[in-house]
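J.: Following this message is one structure expressed as structure tokens.
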Amino acid sequence: KGRNQRQRLPVVPQGIERDVFMQALSELKDELGEENVEINDKPLVDGWYMEHPNTHDMMTILDEEELVASAVVYPGSVEEVQKIVAWANKYLVPIFPISMGRNLGYGGAAPRVRGSVTIDLGRRMNKIIDINPEDYTCLVEPGVSFYALYEALKERGYDHMWVDTPDLGGGSIIGNTVDRGVGYTPYGDHWACHSGMEVVLPTGEVIRTGMGGLPGNNTWQCFPYGFGPYSDGIFSQSNFGIVTKMGMTLMPNPGGYESFMYTFPREEDLAPLIEIIRPLRIAQILENVAQLRHVAQSVAVLGRPRSEFYTGSGPVPFSILHEAASKSPIGDHTWAYYGMSYGPPEIRAHKLALVDSSFRKIPGARKIDPSTLPADDYFFSRDKIAAGIPDIHELRWVNWTPNGSHIAFSPVSPIRGTDATALFKLGKELHDKYNIDFFPAFIVGLREMHLIVEIVFDRANQTKKKEALDCLRELVHEAAKLGYGEYRTHLVLMDQVAGTYSWNEGAVGKFNEKLKDALDPNSILAPGRCGIWGRRYRGRGWEM
Ligand code: ADP
């Protein structure tokens with residue numbers, strides 16, 4: 001965006017002299033090649049989703065200079081990752097691994113500690129090592145995106161297998177999975193669907209988890225557990241290792257599919273509707289991770305700026321949202337449910353009939369006929385995603401404000417009407433308090449749902465950024481008082497969210513610290529990520 005008045009001097013991680021750091025970087029250049037060590041001394045360019053920066057968060061909620069890398073390095077092999085780790089231990093430099101860095105809404109490519117050296121694994125380590133058409137599995141490196149895997153399946157003529165993709169398909173499969181992101185087919189729980197990892201530990205050793213520990217095995221991608229403790233869990237949402245390979249299971253092509261969309265008229269329909277959804281979802285009559293979206297989102301995803309609808313300073317009034325939505329399929333209704341039924345027509349018919357009779361118990365419920373919709377309607381984006389075809393239509397709602405950026409509040413609850421109402425009410429009240437438009441969507445997993453609220457803000461407007469962050473902090477705090485915790489969070493909220501998991505005097509946090517100190521004695525790997533600080537950082541004012 002060219003509005004950065006940035007010094008040309010790169011940031012230096014705290015605790016190391018600039019000269020020593022520069023010397024250390026040239027040593028790293030000798031190891032990796034000049035072109036694979038990039039000092040971050042140029043103006044910060046935000047780009048956009050497909051051309052995102054790897055030096056900082058292009059959607060920062062803080063000052064742009066806060067969470068920036070001092071340098072970005074590009075390893076080309078596991079051995080080079082080990083070299084970088086050895087180097088970081090020698091000079092006590094914080095390193096921050098990313099796969100592709102498209103983790104928008106949760107920090108993008110930014111490191112948690114300013115001046116960290118970012119390891120951009122994806123640039124050179126981007127091979128699909130294996131796709132196994134008999135076992136329906138694959139083994140990928142960090143730079144493999146959902147798009148790339150999808151394309152590879154098409155190229156190889158493997159029509160019998162599907163990929164599961166998140167809302168935006170440009171991200172890394174490994175990056176999304178280790179952050180426990182979700183997609184929208186029956187394989188939407190990416191973490192549950194992975195099998196086997198290769199991990200470089202913070203002290204440089206390489207391990208393979210599950211069956212990967214057994215030389216000559218042919219089961220690494222078929223059986224996730226192996227023998228002994230199941231260690232994969234500690235490498236998700238943590239800072240205990242650098243994942244260099246991961247296995248993923250692929251869904252069998254179900255032999256047909258059909259998207260459906262229902263709308264429901266009133267805001268108060270939320271609770272009875274969620275009650276209807278729960279047993280259907282748990283029984284897998286509703287077969288995929290489905291979305292229940294509010295009219296505000298239906299308006300925002302039209303991709304038009306808010307100013308076209310409303311120029312007042314507070315949240316856009318309900319009546320204006322409805323007016324704005326009048327030409328979209330949600331029309332004068334308040335909730336839109338997007339789902340998909342899988343299998344050949346005769347299999348689908350029974351499930352769809354059950355869904356239909358259940359959903360119609362809500363007075364006024366409408367089923368939308370897709371043949372009445374224009375080709376660029378959002379419905380068709382959901383349709384693609386639920387069929388494992390990557391897409392980026394979802395991004396359109398960042399046009400809501402100038403310099404549109406977003407940051408998420410994502411609490412988990414059971415699939416219950418009372419919980420949905422409590423979270424909706426909390427979200428609405430706090431958004432009103434901070435003058436923010438409220439975009440709630442309920443993402444229904446199997447026995448739980450995440451409420452995903454994306455706050456869209458203008459990153460060039462300091463006041464708006466502060467309001468958004470204050471609102472988020474209060475949401476996390478108030479939700480925790482009601483017993484709700486986040487399933488995932490942005491870098492700047494990690495300490496706070498980790499702090500809400502405080503049972504038994506924060507026993508789980510202490511356990512994480514113990515693991516951290518054992519695995520990473522010099523506290524070099526992604527300090528502070530997910531609220532876990534190694535001993536060199538603890539109690540020194542790094543938390544925020
Ligand atoms: P995506 O490319 O899907 O957007 P990112 O690369 O941004 O995902 O990954 C999200 C977060 O997960 C990163 O900020 C990082 O902390 C962590 N992460 C990503 N890839 C790895 C990896 N290979 N090893 C360890 N942690 C990782």
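Residues in the structure tokens are named by chain (A, B, ... in the order shown) and by number from 1 within that chain; ligands are numbered from 1 in the order shown.
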Would you mind listing the residues within 6 Å of ligand 1, counting only C-alpha atoms and all ligand atoms, as a list in words?
T.: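 Based on only C-alpha atoms and all ligand atoms, ligand 1 is surrounded within 6 Å by Pro97, Ile98, Ser99, Met100, Gly101, Arg102, Asn103, Gly108, Ala109, Pro142, Gly171, Ser172, Ile173, Ile174, Gly175, Asn176, Val178, Asp179, Gly241, Ile242, Val243 and Thr244 of chain A.
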J.: Would you save the residues of that selection, restricted to N, CA and C atoms, as a PDB file, in the first residue's frame?
T.:
ATOM      1  N   PRO A  97       8.454 -20.765  12.109  1.00  0.00           N
ATOM      2  CA  PRO A  97       8.153 -21.487  10.874  1.00  0.00           C
ATOM      3  C   PRO A  97       6.760 -21.180  10.344  1.00  0.00           C
ATOM      4  N   ILE A  98       6.671 -20.958   9.049  1.00  0.00           N
ATOM      5  CA  ILE A  98       5.354 -20.888   8.403  1.00  0.00           C
ATOM      6  C   ILE A  98       5.394 -21.844   7.208  1.00  0.00           C
ATOM      7  N   SER A  99       4.231 -22.290   6.792  1.00  0.00           N
ATOM      8  CA  SER A  99       4.197 -23.141   5.602  1.00  0.00           C
ATOM      9  C   SER A  99       4.025 -22.266   4.375  1.00  0.00           C
ATOM     10  N   MET A 100       2.922 -21.513   4.335  1.00  0.00           N
ATOM     11  CA  MET A 100       2.738 -20.561   3.245  1.00  0.00           C
ATOM     12  C   MET A 100       2.402 -19.169   3.770  1.00  0.00           C
ATOM     13  N   GLY A 101       1.908 -19.093   4.995  1.00  0.00           N
ATOM     14  CA  GLY A 101       1.681 -17.786   5.598  1.00  0.00           C
ATOM     15  C   GLY A 101       0.381 -17.116   5.211  1.00  0.00           C
ATOM     16  N   ARG A 102      -0.598 -17.911   4.794  1.00  0.00           N
ATOM     17  CA  ARG A 102      -1.895 -17.317   4.434  1.00  0.00           C
ATOM     18  C   ARG A 102      -2.900 -17.465   5.573  1.00  0.00           C
ATOM     19  N   ASN A 103      -2.409 -17.452   6.767  1.00  0.00           N
ATOM     20  CA  ASN A 103      -3.277 -17.691   7.926  1.00  0.00           C
ATOM     21  C   ASN A 103      -4.030 -16.402   8.295  1.00  0.00           C
ATOM     22  N   GLY A 108      -1.702 -14.096   9.812  1.00  0.00           N
ATOM     23  CA  GLY A 108      -1.016 -14.171   8.518  1.00  0.00           C
ATOM     24  C   GLY A 108       0.331 -14.850   8.671  1.00  0.00           C
ATOM     25  N   ALA A 109       1.355 -14.230   8.107  1.00  0.00           N
ATOM     26  CA  ALA A 109       2.695 -14.816   8.154  1.00  0.00           C
ATOM     27  C   ALA A 109       3.511 -14.281   9.330  1.00  0.00           C
ATOM     28  N   PRO A 142       5.336 -28.773   3.231  1.00  0.00           N
ATOM     29  CA  PRO A 142       4.604 -27.580   3.704  1.00  0.00           C
ATOM     30  C   PRO A 142       4.081 -26.660   2.606  1.00  0.00           C
ATOM     31  N   GLY A 171      -4.195 -21.687   0.933  1.00  0.00           N
ATOM     32  CA  GLY A 171      -3.275 -21.950   2.038  1.00  0.00           C
ATOM     33  C   GLY A 171      -2.657 -23.328   1.973  1.00  0.00           C
ATOM     34  N   SER A 172      -1.712 -23.535   2.874  1.00  0.00           N
ATOM     35  CA  SER A 172      -0.984 -24.798   2.943  1.00  0.00           C
ATOM     36  C   SER A 172      -1.810 -25.848   3.678  1.00  0.00           C
ATOM     37  N   ILE A 173      -1.741 -27.085   3.189  1.00  0.00           N
ATOM     38  CA  ILE A 173      -2.441 -28.174   3.862  1.00  0.00           C
ATOM     39  C   ILE A 173      -1.828 -28.386   5.244  1.00  0.00           C
ATOM     40  N   ILE A 174      -0.513 -28.381   5.304  1.00  0.00           N
ATOM     41  CA  ILE A 174       0.136 -28.572   6.611  1.00  0.00           C
ATOM     42  C   ILE A 174      -0.161 -27.383   7.532  1.00  0.00           C
ATOM     43  N   GLY A 175      -0.014 -26.166   7.017  1.00  0.00           N
ATOM     44  CA  GLY A 175      -0.244 -24.972   7.838  1.00  0.00           C
ATOM     45  C   GLY A 175      -1.643 -24.972   8.433  1.00  0.00           C
ATOM     46  N   ASN A 176      -2.631 -25.266   7.612  1.00  0.00           N
ATOM     47  CA  ASN A 176      -4.021 -25.258   8.071  1.00  0.00           C
ATOM     48  C   ASN A 176      -4.254 -26.383   9.080  1.00  0.00           C
ATOM     49  N   VAL A 178      -2.013 -28.027  11.048  1.00  0.00           N
ATOM     50  CA  VAL A 178      -1.379 -27.863  12.362  1.00  0.00           C
ATOM     51  C   VAL A 178      -2.045 -26.758  13.174  1.00  0.00           C
ATOM     52  N   ASP A 179      -2.735 -25.835  12.498  1.00  0.00           N
ATOM     53  CA  ASP A 179      -3.472 -24.820  13.247  1.00  0.00           C
ATOM     54  C   ASP A 179      -4.913 -25.286  13.517  1.00  0.00           C
ATOM     55  N   GLY A 241       7.780 -28.000  17.437  1.00  0.00           N
ATOM     56  CA  GLY A 241       8.500 -28.632  16.341  1.00  0.00           C
ATOM     57  C   GLY A 241       8.154 -27.995  15.008  1.00  0.00           C
ATOM     58  N   ILE A 242       8.961 -28.317  13.990  1.00  0.00           N
ATOM     59  CA  ILE A 242       8.726 -27.813  12.638  1.00  0.00           C
ATOM     60  C   ILE A 242       8.309 -29.002  11.787  1.00  0.00           C
ATOM     61  N   VAL A 243       7.103 -28.938  11.274  1.00  0.00           N
ATOM     62  CA  VAL A 243       6.565 -30.066  10.515  1.00  0.00           C
ATOM     63  C   VAL A 243       7.069 -29.974   9.071  1.00  0.00           C
ATOM     64  N   THR A 244       7.784 -30.999   8.623  1.00  0.00           N
ATOM     65  CA  THR A 244       8.364 -30.967   7.277  1.00  0.00           C
ATOM     66  C   THR A 244       7.643 -31.898   6.301  1.00  0.00           C
TER      67      THR A 244
END
J.: Just list the residues in region 9-106 of chain A DSSP gives strand (DSSP E) on the backbone, as a list in words.
T.: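 Of region 9-106 of chain A, the ones in strand (DSSP E) are Val37, Glu38, Ile39, Ala71, Val72, Val73, Ile95, Phe96, Pro97 and Ile98 of chain A.
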J.: Just to be explicit: take each residue in the selection above, keep N, CA, C and O atoms, and write the result as a tab-separated table (two decimals), in the first residue's frame.
T.:
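File part-v6.tsv, as written:
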chain	number	residue	atom	x	y	z
A	37	VAL	N	18.33	-16.37	1.92
A	37	VAL	CA	18.27	-15.61	3.17
A	37	VAL	C	17.96	-14.17	2.79
A	37	VAL	O	18.75	-13.52	2.11
A	38	GLU	N	16.78	-13.70	3.18
A	38	GLU	CA	16.34	-12.38	2.73
A	38	GLU	C	16.18	-11.48	3.95
A	38	GLU	O	15.34	-11.77	4.81
A	39	ILE	N	16.97	-10.43	4.01
A	39	ILE	CA	16.83	-9.52	5.14
A	39	ILE	C	15.60	-8.63	4.90
A	39	ILE	O	15.36	-8.19	3.78
A	71	ALA	N	14.22	-11.28	9.14
A	71	ALA	CA	14.68	-11.90	7.90
A	71	ALA	C	13.77	-13.08	7.60
A	71	ALA	O	13.08	-13.58	8.49
A	72	VAL	N	13.77	-13.48	6.35
A	72	VAL	CA	13.01	-14.68	5.96
A	72	VAL	C	14.00	-15.63	5.29
A	72	VAL	O	14.79	-15.21	4.45
A	73	VAL	N	13.94	-16.90	5.69
A	73	VAL	CA	14.86	-17.87	5.10
A	73	VAL	C	14.06	-18.98	4.42
A	73	VAL	O	12.93	-19.29	4.83
A	95	ILE	N	13.17	-18.20	15.92
A	95	ILE	CA	12.78	-18.56	14.55
A	95	ILE	C	11.29	-18.88	14.54
A	95	ILE	O	10.75	-19.36	15.53
A	96	PHE	N	10.64	-18.59	13.43
A	96	PHE	CA	9.19	-18.77	13.36
A	96	PHE	C	8.83	-19.48	12.04
A	96	PHE	O	8.92	-18.88	10.97
A	97	PRO	N	8.45	-20.76	12.11
A	97	PRO	CA	8.15	-21.49	10.87
A	97	PRO	C	6.76	-21.18	10.34
A	97	PRO	O	5.80	-21.13	11.11
A	98	ILE	N	6.67	-20.96	9.05
A	98	ILE	CA	5.35	-20.89	8.40
A	98	ILE	C	5.39	-21.84	7.21
A	98	ILE	O	6.47	-22.16	6.70
J.: Find, counting only C-alpha atoms, the residue in A:Asp391, A:Glu513, A:Glu65, A:Glu80 that gets nearest to Tyr378 (chain A).
T.: A:Asp391
J.: Output as CSV one row per residue of region 371-458 of chain A within 9 Å of region 320-337 of chain A: the closest atom pair and its distance in Å to one decimal place, counting only C-alpha atoms, sorted by chain and residue number ascending.
T.:
residue,atom,partner,partner_atom,distance
A:Thr372,CA,A:Pro329,CA,8.8
A:Leu373,CA,A:Pro329,CA,7.4
A:Asp377,CA,A:Ser328,CA,8.0
A:Phe379,CA,A:Pro329,CA,8.7
J.: Which one of A:Thr401, A:Ser307, A:Thr418, A:Gln82 sits closest to Asp458 (chain A) if you count only C-alpha atoms?
T.: A:Thr401
J.: Closest to Pro186 (chain A) among A:Trp162, A:Tyr310, A:Phe227, A:Phe439, using only C-alpha atoms?
T.: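 Going through A:Trp162, A:Tyr310, A:Phe227, A:Phe439 one by one, the smallest distance to Pro186 (chain A) is for A:Trp162.
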J.: List the spatial neighbours of Arg447 (chain A) as an NGL selection string - criterion: any atom at most 8 Å away, only C-alpha atoms, same-chain residues fewer than 4 positions off excluded.
T.: :A and (278 or 281-282 or 414-415)
